[in-house]
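Structure file final-v8.tsv with TSV, C-alpha atoms and all ligand atoms:
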```tsv
chain	number	residue	atom	x	y	z
A	1	MET	CA	18.71	59.35	86.44
A	2	VAL	CA	20.53	58.90	83.23
A	3	TYR	CA	20.20	55.13	83.64
A	4	LEU	CA	16.47	55.23	83.68
A	5	ASN	CA	16.32	57.26	80.55
A	6	PRO	CA	14.35	54.99	78.16
A	7	HIS	CA	16.32	56.25	75.16
A	8	PHE	CA	19.56	55.22	76.84
A	9	ILE	CA	18.20	51.79	77.76
A	10	LYS	CA	17.06	51.28	74.17
A	11	ARG	CA	20.48	52.33	72.85
A	12	ARG	CA	22.33	50.02	75.27
A	13	ALA	CA	20.04	47.16	74.38
A	14	ARG	CA	20.65	47.76	70.72
A	15	ARG	CA	24.41	47.67	71.34
A	16	TRP	CA	24.63	44.58	73.54
A	17	TRP	CA	21.86	42.21	72.46
A	18	PRO	CA	23.36	41.34	69.09
A	19	TYR	CA	26.61	40.26	70.81
A	20	VAL	CA	24.74	38.04	73.24
A	21	VAL	CA	22.75	36.43	70.42
A	22	ILE	CA	25.86	35.92	68.27
A	23	GLY	CA	27.68	34.46	71.31
A	24	ILE	CA	24.92	31.93	71.96
A	25	LEU	CA	24.82	30.99	68.28
A	26	LEU	CA	28.61	30.53	68.23
A	27	ILE	CA	28.58	28.26	71.28
A	28	TYR	CA	25.65	26.28	69.85
A	29	GLY	CA	27.37	25.98	66.50
A	30	TYR	CA	30.65	24.87	68.06
A	31	TYR	CA	28.95	22.02	69.91
A	32	GLN	CA	27.02	21.00	66.81
A	33	GLY	CA	30.32	20.77	64.87
A	34	MET	CA	29.07	23.32	62.35
A	35	PHE	CA	32.47	24.99	62.00
A	36	ASN	CA	34.32	21.89	60.89
A	37	GLN	CA	33.31	22.95	57.41
A	38	LEU	CA	34.78	26.39	57.76
A	39	SER	CA	38.44	25.49	58.31
A	40	VAL	CA	41.06	25.34	55.59
A	41	GLY	CA	41.00	22.52	53.05
A	42	ASP	CA	38.95	19.40	53.30
A	43	SER	CA	38.88	19.19	57.06
A	44	VAL	CA	35.53	17.40	57.23
A	45	SER	CA	36.91	14.42	55.34
A	46	THR	CA	40.17	14.63	57.34
A	47	TYR	CA	38.07	14.42	60.47
A	48	ALA	CA	36.12	11.46	59.07
A	49	LYS	CA	39.38	9.73	58.09
A	50	MET	CA	40.86	10.29	61.55
A	51	GLU	CA	37.72	8.83	63.07
A	52	THR	CA	37.96	5.77	60.80
A	53	SER	CA	41.62	5.12	61.56
A	54	ARG	CA	40.95	5.66	65.27
A	55	LYS	CA	38.19	3.05	65.00
A	56	THR	CA	40.47	0.63	63.16
A	57	LEU	CA	43.20	1.19	65.75
A	58	LYS	CA	40.72	0.55	68.55
A	59	GLU	CA	39.68	-2.72	66.91
A	60	VAL	CA	43.32	-3.77	66.43
A	61	PHE	CA	44.13	-3.00	70.07
A	62	ALA	CA	41.01	-4.85	71.25
A	63	LEU	CA	42.02	-7.92	69.20
A	64	GLN	CA	45.58	-7.72	70.53
A	65	ARG	CA	44.20	-7.65	74.08
A	66	GLN	CA	42.04	-10.69	73.33
A	67	VAL	CA	45.01	-12.62	71.95
A	68	LYS	CA	47.06	-11.68	75.04
A	69	LEU	CA	44.24	-12.79	77.30
A	70	LEU	CA	43.81	-16.10	75.48
A	71	LYS	CA	47.55	-16.71	75.66
A	72	SER	CA	47.59	-16.01	79.40
A	73	VAL	CA	44.68	-18.44	79.93
A	74	LEU	CA	46.53	-21.13	77.97
A	75	LYS	CA	49.63	-20.44	80.06
A	76	LYS	CA	47.66	-20.59	83.30
A	77	TYR	CA	46.52	-24.11	82.45
A	78	SER	CA	50.10	-24.99	81.46
A	79	ILE	CA	49.17	-25.73	77.85
A	80	PRO	CA	52.46	-25.57	75.93
A	81	GLU	CA	52.59	-23.33	72.84
A	82	THR	CA	53.42	-26.36	70.68
A	83	GLU	CA	49.85	-27.58	71.30
A	84	TYR	CA	48.22	-24.61	69.63
A	85	SER	CA	50.92	-22.91	67.56
A	86	ASP	CA	49.63	-24.58	64.39
A	87	VAL	CA	46.35	-22.70	64.66
A	88	LEU	CA	48.16	-19.36	64.94
A	89	LEU	CA	49.30	-18.09	61.57
A	90	PRO	CA	53.08	-17.62	61.24
A	91	VAL	CA	53.67	-13.87	61.20
A	92	ILE	CA	54.98	-12.36	57.97
A	93	TYR	CA	57.64	-9.75	58.79
A	94	VAL	CA	57.76	-7.34	55.87
A	95	ILE	CA	60.94	-5.25	55.73
A	96	THR	CA	60.61	-2.10	53.63
A	97	PRO	CA	63.36	0.45	53.00
A	98	THR	CA	61.91	3.88	52.28
A	99	HIS	CA	63.33	7.30	51.49
A	100	ASN	CA	61.98	10.81	51.36
A	101	ARG	CA	60.74	12.15	48.00
A	102	PRO	CA	57.56	13.93	46.83
A	103	HIS	CA	55.63	10.69	46.30
A	104	GLN	CA	56.82	8.80	49.42
A	105	LYS	CA	53.49	9.02	51.25
A	106	ALA	CA	51.59	7.94	48.12
A	107	GLU	CA	53.79	4.83	47.81
A	108	LEU	CA	53.43	3.97	51.50
A	109	THR	CA	49.67	4.44	51.25
A	110	ARG	CA	49.45	1.93	48.37
A	111	LEU	CA	51.35	-0.60	50.48
A	112	LYS	CA	49.23	0.06	53.56
A	113	SER	CA	46.02	-0.50	51.58
A	114	VAL	CA	47.19	-4.02	50.73
A	115	PHE	CA	48.81	-4.87	54.08
A	116	LEU	CA	45.58	-4.03	55.95
A	117	HIS	CA	43.98	-6.99	54.14
A	118	VAL	CA	46.70	-9.42	55.24
A	119	PRO	CA	46.33	-11.10	58.65
A	120	ALA	CA	49.34	-11.58	60.96
A	121	LEU	CA	51.58	-9.14	59.13
A	122	HIS	CA	54.16	-7.02	60.93
A	123	TRP	CA	55.62	-4.15	58.92
A	124	ILE	CA	59.21	-3.15	59.61
A	125	LEU	CA	59.53	0.19	57.86
A	126	VAL	CA	63.10	1.49	57.75
A	127	GLU	CA	63.73	5.07	56.73
A	128	ASP	CA	66.93	5.90	54.87
A	129	ALA	CA	67.43	8.97	57.03
A	130	PRO	CA	69.50	10.20	59.98
A	131	LYS	CA	66.32	10.33	62.08
A	132	LYS	CA	62.70	9.22	61.92
A	133	SER	CA	60.49	11.71	60.08
A	134	HIS	CA	57.18	13.10	61.34
A	135	LEU	CA	55.54	12.11	58.07
A	136	VAL	CA	56.35	8.42	58.47
A	137	SER	CA	55.78	8.40	62.27
A	138	ASP	CA	52.30	9.92	61.92
A	139	PHE	CA	51.50	7.71	58.94
A	140	LEU	CA	52.33	4.53	60.86
A	141	GLU	CA	50.62	5.64	64.05
A	142	THR	CA	47.25	5.96	62.33
A	143	SER	CA	47.78	3.05	59.90
A	144	GLY	CA	46.02	0.40	61.99
A	145	LEU	CA	48.90	-1.97	61.20
A	146	SER	CA	51.25	-3.79	63.53
A	147	TYR	CA	54.62	-2.17	62.83
A	148	THR	CA	58.15	-1.29	63.87
A	149	HIS	CA	59.58	2.03	62.74
A	150	LEU	CA	63.36	2.17	62.28
A	151	HIS	CA	65.82	4.43	60.51
A	152	HIS	CA	69.29	3.96	59.12
A	153	PRO	CA	71.01	6.51	56.87
A	154	THR	CA	72.98	5.44	53.80
A	155	PRO	CA	76.39	7.21	53.85
A	156	SER	CA	76.57	9.91	51.14
A	157	GLU	CA	79.22	8.04	49.11
A	158	TRP	CA	76.66	5.24	48.60
A	159	LYS	CA	73.75	7.53	47.74
A	160	LEU	CA	72.69	8.05	44.13
A	161	LYS	CA	73.47	11.57	42.84
A	162	SER	CA	70.79	13.22	40.68
A	163	ASN	CA	72.57	12.36	37.38
A	164	ASP	CA	73.61	8.82	38.33
A	165	PRO	CA	71.76	6.02	36.52
A	166	ASN	CA	69.61	4.29	39.12
A	167	TRP	CA	71.38	0.93	38.74
A	168	SER	CA	74.83	2.39	39.48
A	169	LYS	CA	74.52	1.98	43.27
A	170	PRO	CA	72.61	-0.54	45.36
A	171	ARG	CA	69.57	0.83	47.20
A	172	GLY	CA	67.94	-0.08	50.51
A	173	VAL	CA	70.84	-2.35	51.56
A	174	LEU	CA	71.61	-0.93	55.01
A	175	GLN	CA	67.91	-0.43	55.74
A	176	ARG	CA	67.08	-4.10	55.04
A	177	ASN	CA	70.04	-5.09	57.23
A	178	ALA	CA	68.72	-2.85	60.03
A	179	GLY	CA	65.40	-4.72	59.76
A	180	ILE	CA	67.17	-8.10	59.91
A	181	ARG	CA	69.14	-6.99	62.99
A	182	TRP	CA	65.93	-5.88	64.69
A	183	LEU	CA	64.50	-9.37	64.11
A	184	ARG	CA	67.68	-10.95	65.50
A	185	SER	CA	67.46	-8.92	68.69
A	186	LYS	CA	63.71	-9.54	69.06
A	187	PHE	CA	64.04	-13.32	68.83
A	188	ILE	CA	67.38	-13.63	70.60
A	189	ARG	CA	66.00	-15.93	73.29
A	190	GLU	CA	63.57	-17.89	71.14
A	191	GLU	CA	64.72	-21.34	70.12
A	192	ASP	CA	62.60	-21.97	67.06
A	193	PRO	CA	60.84	-18.77	66.06
A	194	ARG	CA	57.94	-19.14	63.63
A	195	GLY	CA	57.55	-16.63	60.87
A	196	VAL	CA	58.44	-15.52	57.38
A	197	VAL	CA	60.56	-12.59	56.23
A	198	TYR	CA	59.78	-10.68	53.04
A	199	PHE	CA	61.64	-7.69	51.59
A	200	ALA	CA	59.04	-5.38	50.06
A	201	ASP	CA	60.35	-2.25	48.35
A	202	ASP	CA	58.04	0.74	48.71
A	203	ASP	CA	57.36	1.24	44.98
A	204	ASN	CA	56.26	-2.25	43.88
A	205	THR	CA	52.68	-3.51	43.49
A	206	TYR	CA	51.66	-6.38	45.78
A	207	SER	CA	48.55	-8.56	45.61
A	208	THR	CA	46.94	-9.96	48.75
A	209	GLU	CA	47.26	-13.49	47.27
A	210	LEU	CA	51.05	-13.18	47.34
A	211	PHE	CA	51.04	-13.25	51.14
A	212	LYS	CA	48.92	-16.42	51.21
A	213	GLU	CA	51.55	-18.07	49.01
A	214	MET	CA	54.53	-17.13	51.18
A	215	ARG	CA	52.88	-17.85	54.58
A	216	GLY	CA	54.04	-21.48	54.71
A	217	THR	CA	57.67	-20.86	53.69
A	218	LYS	CA	59.94	-23.50	55.28
A	219	THR	CA	63.26	-22.51	53.70
A	220	VAL	CA	63.09	-19.96	50.88
A	221	SER	CA	60.04	-19.71	48.65
A	222	VAL	CA	60.14	-18.20	45.17
A	223	TRP	CA	57.67	-17.00	42.51
A	224	PRO	CA	57.52	-14.88	39.35
A	225	VAL	CA	57.90	-11.08	39.35
A	226	GLY	CA	56.22	-9.03	36.63
A	227	LEU	CA	57.70	-6.05	34.77
A	228	VAL	CA	61.31	-6.43	35.82
A	229	GLY	CA	64.79	-6.71	34.33
A	230	GLY	CA	63.71	-5.53	30.88
A	231	VAL	CA	61.10	-8.27	30.41
A	232	MET	CA	57.39	-8.86	31.10
A	233	VAL	CA	58.18	-11.51	33.71
A	234	GLU	CA	61.20	-13.03	35.38
A	235	ARG	CA	60.51	-16.41	36.92
A	236	PRO	CA	61.91	-19.61	38.35
A	237	LEU	CA	61.70	-22.62	36.01
A	238	VAL	CA	60.07	-25.58	37.71
A	239	THR	CA	60.05	-29.29	36.93
A	240	LEU	CA	58.16	-32.19	38.50
A	241	PRO	CA	60.77	-34.97	38.85
A	242	ALA	CA	58.06	-37.62	39.42
A	243	PRO	CA	54.25	-37.49	39.65
A	244	ASN	CA	54.17	-37.44	43.46
A	245	ALA	CA	57.53	-35.80	44.10
A	246	ASP	CA	58.05	-32.22	45.25
A	247	PRO	CA	58.40	-29.74	42.40
A	248	GLN	CA	61.96	-28.54	41.82
A	249	VAL	CA	63.34	-25.20	40.71
A	250	THR	CA	65.89	-26.03	38.03
A	251	GLY	CA	66.75	-22.61	36.60
A	252	TRP	CA	65.52	-19.12	35.78
A	253	LEU	CA	63.75	-17.39	32.98
A	254	ALA	CA	65.20	-13.87	32.84
A	255	GLY	CA	66.24	-11.32	30.24
A	256	TRP	CA	69.17	-9.88	32.14
A	257	LYS	CA	71.91	-12.30	33.28
A	258	PRO	CA	69.84	-15.51	33.62
A	259	SER	CA	73.14	-17.08	34.67
A	260	ARG	CA	72.91	-15.46	38.13
A	261	PRO	CA	72.80	-18.33	40.68
A	262	PHE	CA	69.43	-16.93	41.89
A	263	ALA	CA	68.12	-14.80	39.03
A	264	THR	CA	65.31	-13.21	41.03
A	265	ASP	CA	64.34	-9.71	42.08
A	266	MET	CA	63.99	-8.74	45.76
A	267	ALA	CA	60.21	-9.06	45.36
A	268	GLY	CA	60.45	-12.67	44.20
A	269	PHE	CA	61.31	-14.58	47.38
A	270	ALA	CA	60.57	-14.96	51.11
A	271	VAL	CA	62.72	-16.53	53.79
A	272	ASN	CA	61.76	-18.65	56.78
A	273	LEU	CA	62.47	-16.65	59.93
A	274	ALA	CA	64.20	-19.46	61.83
A	275	LEU	CA	66.48	-20.16	58.86
A	276	LEU	CA	67.49	-16.51	58.62
A	277	LEU	CA	68.14	-16.23	62.34
A	278	LYS	CA	70.12	-19.46	62.43
A	279	LYS	CA	72.80	-17.80	60.29
A	280	PRO	CA	73.72	-14.65	62.21
A	281	GLU	CA	76.20	-13.39	59.62
A	282	VAL	CA	73.76	-13.35	56.68
A	283	GLU	CA	73.05	-9.83	55.43
A	284	PHE	CA	72.86	-7.84	52.21
A	285	SER	CA	76.19	-6.50	51.02
A	286	LEU	CA	77.01	-3.06	49.63
A	287	SER	CA	79.88	-4.64	47.76
A	288	SER	CA	77.75	-7.10	45.78
A	289	GLN	CA	78.32	-6.75	42.05
A	290	ILE	CA	75.60	-4.63	40.39
A	291	GLY	CA	72.40	-6.70	40.11
A	292	TYR	CA	73.70	-9.49	42.34
A	293	LEU	CA	72.25	-8.23	45.65
A	294	GLU	CA	69.51	-10.85	45.83
A	295	SER	CA	71.64	-13.69	44.48
A	296	ASP	CA	74.52	-13.04	46.91
A	297	PHE	CA	72.06	-12.92	49.81
A	298	LEU	CA	70.25	-16.15	48.89
A	299	LYS	CA	73.51	-18.02	48.22
A	300	GLN	CA	74.25	-17.77	51.93
A	301	LEU	CA	70.94	-19.40	52.89
A	302	VAL	CA	70.03	-22.16	50.42
A	303	THR	CA	70.95	-24.16	47.36
A	304	ILE	CA	68.67	-24.10	44.34
A	305	ASP	CA	67.25	-27.58	45.08
A	306	GLN	CA	65.97	-26.34	48.47
A	307	LEU	CA	63.79	-23.61	46.96
A	308	GLU	CA	60.00	-23.90	47.33
A	309	PRO	CA	58.23	-22.83	44.13
A	310	LYS	CA	54.93	-21.04	44.84
A	311	ALA	CA	52.18	-19.39	42.79
A	312	GLU	CA	51.03	-22.48	40.87
A	313	LEU	CA	54.50	-23.78	40.10
A	314	CYS	CA	55.67	-20.25	39.32
A	315	THR	CA	53.14	-19.65	36.57
A	316	LYS	CA	51.18	-16.84	38.27
A	317	VAL	CA	52.31	-13.23	38.64
A	318	LEU	CA	51.25	-11.88	42.05
A	319	VAL	CA	53.76	-9.03	42.39
A	320	TRP	CA	54.97	-6.40	39.94
A	321	HIS	CA	58.22	-4.46	40.00
A	322	THR	CA	56.50	-1.17	39.18
A	323	ARG	CA	58.46	2.08	39.32
A	324	THR	CA	56.80	5.42	39.86
A	325	GLU	CA	57.43	8.22	37.43
A	326	GLN	CA	59.16	11.26	38.94
A	327	PRO	CA	56.38	13.81	39.52
A	328	ASN	CA	56.72	17.03	37.54
A	329	MET	CA	57.76	19.74	40.03
A	330	LYS	CA	58.59	22.49	37.53
A	331	ASP	CA	56.04	25.02	38.78
A	332	GLU	CA	56.47	23.96	42.39
A	333	LEU	CA	60.17	24.83	42.23
A	334	ARG	CA	59.34	28.23	40.75
A	335	LEU	CA	56.77	28.91	43.49
A	336	ARG	CA	59.16	27.65	46.14
A	337	ARG	CA	61.82	30.09	44.93
A	338	ALA	CA	59.20	32.86	45.14
A	339	GLY	CA	58.52	31.84	48.76
A	340	SER	CA	55.04	30.37	48.27
A	341	PRO	CA	55.15	26.57	47.90
A	342	THR	CA	51.73	24.96	47.36
A	343	ASP	CA	52.25	22.52	50.25
A	344	GLN	CA	52.75	25.20	52.89
A	345	GLY	CA	51.08	23.79	56.02
A	346	ILE	CA	49.78	20.73	54.12
A	347	GLU	CA	51.38	17.31	54.16
A	348	VAL	CA	51.39	15.64	50.74
B	1	LIG	C1	65.86	-3.07	42.15
B	1	LIG	C2	65.38	-4.10	43.17
B	1	LIG	O1	63.99	-4.32	42.98
B	1	LIG	C3	65.66	-3.59	44.55
B	1	LIG	O2	65.15	-4.48	45.51
B	1	LIG	C4	67.15	-3.44	44.72
B	1	LIG	O3	67.44	-2.87	45.97
B	1	LIG	C5	67.65	-2.47	43.65
B	1	LIG	O4	67.25	-2.86	42.33
B	1	LIG	C6	69.18	-2.45	43.73
B	1	LIG	O5	69.83	-3.03	42.88
B	1	LIG	O6	69.66	-1.92	44.73
B	1	LIG	P1	64.81	-0.52	41.93
B	1	LIG	O7	63.37	-0.36	41.59
B	1	LIG	O8	65.79	-0.16	40.88
B	1	LIG	O9	65.03	-1.97	42.45
B	1	LIG	O10	65.18	0.24	43.31
B	1	LIG	P2	64.35	1.31	44.13
B	1	LIG	O11	62.92	0.92	44.17
B	1	LIG	O12	64.72	2.65	43.67
B	1	LIG	O13	64.94	1.10	45.61
B	1	LIG	C7	64.70	-0.06	46.37
B	1	LIG	C8	64.23	0.31	47.78
B	1	LIG	O14	65.24	1.08	48.42
B	1	LIG	C9	62.95	1.13	47.80
B	1	LIG	O15	62.12	0.67	48.83
B	1	LIG	C10	63.44	2.54	48.07
B	1	LIG	O16	62.54	3.37	48.78
B	1	LIG	C11	64.69	2.28	48.90
B	1	LIG	N1	65.69	3.38	48.75
B	1	LIG	C12	66.01	3.87	47.53
B	1	LIG	C13	66.30	3.87	49.88
B	1	LIG	O17	66.01	3.44	50.99
B	1	LIG	N2	67.22	4.89	49.73
B	1	LIG	C14	67.55	5.41	48.53
B	1	LIG	O18	68.39	6.35	48.47
B	1	LIG	C15	66.93	4.90	47.39
B	2	MN	MN	61.77	-0.22	42.86
```

Output the file's structure as structure tokens, nothing else.
Amino acid sequence: MVYLNPHFIKRRARRWWPYVVIGILLIYGYYQGMFNQLSVGDSVSTYAKMETSRKTLKEVFALQRQVKLLKSVLKKYSIPETEYSDVLLPVIYVITPTHNRPHQKAELTRLKSVFLHVPALHWILVEDAPKKSHLVSDFLETSGLSYTHLHHPTPSEWKLKSNDPNWSKPRGVLQRNAGIRWLRSKFIREEDPRGVVYFADDDNTYSTELFKEMRGTKTVSVWPVGLVGGVMVERPLVTLPAPNADPQVTGWLAGWKPSRPFATDMAGFAVNLALLLKKPEVEFSLSSQIGYLESDFLKQLVTIDQLEPKAELCTKVLVWHTRTEQPNMKDELRLRRAGSPTDQGIEV
């Protein structure tokens, strides 16, 4: 009889109904996405960003499928690639050494923002690390770019120590060579591979126009680099031997050692893929004299008269050798020592 007692029923109802109502509201809210705003940090914009990169990725994959399909149709009708290769852009293979530091993701993001505007670009990103990091893997996966992710550690005797001046040891050498070797193995069976190779350090500033200039590289193309070697601009000096003749690089304008056979920074040249692959021994060398990394590399590929001057006869600056200031981590180190770093659970 207790169950029929109206007071008891009232009490029960008072206890249970709020839970039922809250439950329904929670389920409704979940499906409406109302709780996205309640999680830690800016998860709404993270969600929006993930959606955008997923969309970009989808578009990239759809385009790749279309290209594959078109190629298979052309193959089916036995149309040789030579018939249509001139309408396909030569791919620019960009080799970038990168290493872990607080601003690594910021640097890679600046590069990505430019590379996304460049058609037919394949990014070979090589980490100076014993294994691939989650940060770089995740970054590339959602980048929407065509890429290859490699790693190659620099042995500790070749790494800069914290008090070493930055010029005292060469940087990115083994990583660029790992990128070159990847290209060699990819094109091992191809007789005359089309493409261009560019070595893009992760801290420089690149314009989209630069890639248009280098696209047609037949041997080695060269252009000015801003803010490098202690001067506003280092650049090849160009002359026109005759009104209709090809322009010739005859020397270099540089502050530091203009007598180098190729007085250019890494950012100032691109190499034709077939030319690079034709010479299987060509690599960067750890034992190059300080500042001669680029010159020693180019010496193995061309002579100065074979260089192709770009960027309006080397009068336009389309790339800058910027260097990022070390971020101030004074308080972060203190908090880290106290066991509460600010980036706990957040990737920066
Ligand atoms: C200059 C040139 O612009 C570089 O191309 C050249 O490698 C370097 O000198 C040199 O002489 O070795 P700089 O700005 O002084 O460049 O060099 P960084 O930008 O510090 O390093 C070049 C590349 O190597 C960057 O992409 C960087 O991320 C990478 N790096 C640097 C590593 O992979 N590991 C390191 O320990 C340090
Ligand atoms: Mn640099």

Given all atoms listed in the file as the counted atoms, nearest of A:Lys161, A:Arg65, A:His103, A:His321 to ligand MN 2 (chain B)
A:His321

List all protein, DNA and RNA residues that have an atom no more than 6 Å from any atom of ligand MN 2 (chain B), counting all atoms listed in the file, and report them as number ranges by chain.
A: 203-204, 323

Go ahead and dump the residues you just picked, C-alpha atoms, as a short mmCIF file (atom, residue, chain, number, x, y, z; two decimals), in the coordinates of the input.
```cif
data_model
loop_
_atom_site.label_atom_id
_atom_site.label_comp_id
_atom_site.auth_asym_id
_atom_site.auth_seq_id
_atom_site.Cartn_x
_atom_site.Cartn_y
_atom_site.Cartn_z
CA ASP A 203 57.36 1.24 44.98
CA ASN A 204 56.26 -2.25 43.88
CA ARG A 323 58.46 2.08 39.32
#
```

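Distance check against ligand LIG 1 (chain B) using all atoms listed in the file: of A:His149, A:Arg235, A:His122, A:Arg176, the minimum falls on A:Arg176.
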
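Shortest atom-to-atom contact with ligand LIG 1 (chain B) among A:Val225, A:Leu116, A:Leu298, A:Leu237: A:Val225, counting all atoms listed in the file.
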
Assuming 3 Å of padding per side, give the centre and edge lengths of the axis-aligned box around every listed atom of range 67-73 of chain A, in Å to one decimal and as JSON.
```
{"center_x": 45.7, "center_y": -15.1, "center_z": 75.9, "size_x": 9.8, "size_y": 12.8, "size_z": 14.0}
```

Sort by chain and increasing residue number a table of all residues of chain A within 7 Å of ligand LIG 1 (chain B), each with its closest pair of atoms and their distance in Å to one decimal, counting all atoms listed in the file, and write it as JSON lines.
```
{"residue": "A:Thr96", "atom": "CA", "partner": "B:LIG1", "partner_atom": "O15", "distance": 5.7}
{"residue": "A:Pro97", "atom": "CA", "partner": "B:LIG1", "partner_atom": "O15", "distance": 4.4}
{"residue": "A:Thr98", "atom": "CA", "partner": "B:LIG1", "partner_atom": "O16", "distance": 3.6}
{"residue": "A:His99", "atom": "CA", "partner": "B:LIG1", "partner_atom": "O17", "distance": 4.7}
{"residue": "A:Glu127", "atom": "CA", "partner": "B:LIG1", "partner_atom": "O17", "distance": 6.4}
{"residue": "A:Asp128", "atom": "CA", "partner": "B:LIG1", "partner_atom": "O17", "distance": 4.7}
{"residue": "A:Lys159", "atom": "CA", "partner": "B:LIG1", "partner_atom": "O18", "distance": 5.5}
{"residue": "A:Leu160", "atom": "CA", "partner": "B:LIG1", "partner_atom": "O18", "distance": 6.3}
{"residue": "A:Asn166", "atom": "CA", "partner": "B:LIG1", "partner_atom": "O8", "distance": 6.1}
{"residue": "A:Trp167", "atom": "CA", "partner": "B:LIG1", "partner_atom": "O5", "distance": 5.9}
{"residue": "A:Lys169", "atom": "CA", "partner": "B:LIG1", "partner_atom": "O6", "distance": 6.4}
{"residue": "A:Pro170", "atom": "CA", "partner": "B:LIG1", "partner_atom": "O6", "distance": 3.3}
{"residue": "A:Arg171", "atom": "CA", "partner": "B:LIG1", "partner_atom": "O6", "distance": 3.7}
{"residue": "A:Gly172", "atom": "CA", "partner": "B:LIG1", "partner_atom": "O14", "distance": 3.6}
{"residue": "A:Val173", "atom": "CA", "partner": "B:LIG1", "partner_atom": "O3", "distance": 6.6}
{"residue": "A:Gln175", "atom": "CA", "partner": "B:LIG1", "partner_atom": "O17", "distance": 6.4}
{"residue": "A:Ala200", "atom": "CA", "partner": "B:LIG1", "partner_atom": "O15", "distance": 6.9}
{"residue": "A:Asp201", "atom": "CA", "partner": "B:LIG1", "partner_atom": "O15", "distance": 3.4}
{"residue": "A:Asp202", "atom": "CA", "partner": "B:LIG1", "partner_atom": "O15", "distance": 4.1}
{"residue": "A:Asp203", "atom": "CA", "partner": "B:LIG1", "partner_atom": "O11", "distance": 5.6}
{"residue": "A:Asp265", "atom": "CA", "partner": "B:LIG1", "partner_atom": "O1", "distance": 5.5}
{"residue": "A:Met266", "atom": "CA", "partner": "B:LIG1", "partner_atom": "O2", "distance": 4.4}
{"residue": "A:Ala267", "atom": "CA", "partner": "B:LIG1", "partner_atom": "O1", "distance": 6.5}
{"residue": "A:Ile290", "atom": "CA", "partner": "B:LIG1", "partner_atom": "O5", "distance": 6.5}
{"residue": "A:Gly291", "atom": "CA", "partner": "B:LIG1", "partner_atom": "O5", "distance": 5.3}
{"residue": "A:Leu293", "atom": "CA", "partner": "B:LIG1", "partner_atom": "O5", "distance": 6.4}
{"residue": "A:His321", "atom": "CA", "partner": "B:LIG1", "partner_atom": "O1", "distance": 6.5}
{"residue": "A:Arg323", "atom": "CA", "partner": "B:LIG1", "partner_atom": "O7", "distance": 5.9}
```

For the residues in that selection, give me C-alpha atoms as a tab-separated table (two decimals), in the coordinates of the input.
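part26.tsv, written as the output of this step:
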```
chain	number	residue	atom	x	y	z
A	96	THR	CA	60.61	-2.10	53.63
A	97	PRO	CA	63.36	0.45	53.00
A	98	THR	CA	61.91	3.88	52.28
A	99	HIS	CA	63.33	7.30	51.49
A	127	GLU	CA	63.73	5.07	56.73
A	128	ASP	CA	66.93	5.90	54.87
A	159	LYS	CA	73.75	7.53	47.74
A	160	LEU	CA	72.69	8.05	44.13
A	166	ASN	CA	69.61	4.29	39.12
A	167	TRP	CA	71.38	0.93	38.74
A	169	LYS	CA	74.52	1.98	43.27
A	170	PRO	CA	72.61	-0.54	45.36
A	171	ARG	CA	69.57	0.83	47.20
A	172	GLY	CA	67.94	-0.08	50.51
A	173	VAL	CA	70.84	-2.35	51.56
A	175	GLN	CA	67.91	-0.43	55.74
A	200	ALA	CA	59.04	-5.38	50.06
A	201	ASP	CA	60.35	-2.25	48.35
A	202	ASP	CA	58.04	0.74	48.71
A	203	ASP	CA	57.36	1.24	44.98
A	265	ASP	CA	64.34	-9.71	42.08
A	266	MET	CA	63.99	-8.74	45.76
A	267	ALA	CA	60.21	-9.06	45.36
A	290	ILE	CA	75.60	-4.63	40.39
A	291	GLY	CA	72.40	-6.70	40.11
A	293	LEU	CA	72.25	-8.23	45.65
A	321	HIS	CA	58.22	-4.46	40.00
A	323	ARG	CA	58.46	2.08	39.32
```

Show which residues sit within 7 Å of Ser143 in chain A, as JSON, numbers by chain. Count only C-alpha atoms, and ignore same-chain residues fewer than 3 positions away.
{"A": [53, 139, 140]}

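Between Leu145 in chain A and the candidates A:Gly268, A:Gly226, A:Pro119, A:Pro327, the tightest atom-to-atom separation, counting all atoms listed in the file, involves A:Pro119.
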
Which distance in Å separates CA of Val271 in chain A and CA of Arg184 in chain A, to one decimal?
13.9 Å

Which polymer residues, protein or nucleic acid, are no farther than 12 Å from (62.5, -11.0, 50.1), counting all atoms listed in the file, as a VMD selection string?
chain A and resid 92 to 97 176 to 177 179 to 180 196 to 201 210 to 211 214 217 220 to 223 225 264 to 273 276 283 to 284 293 to 295 297 to 298 319

Which one of A:Glu213, A:Gln326, A:Ser72, A:Ser185 sits closest to Gln104 in chain A if you count all atoms listed in the file?
A:Gln326

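Excluding Gln64 in chain A itself and any same-chain residue fewer than 5 positions from it, the protein and nucleic acid residues within 12 Å of it, counting only C-alpha atoms, are Leu57, Lys58, Glu59, Leu69, Leu70, Lys71, Ala120, Gly144, Leu145 and Ser146 of chain A.
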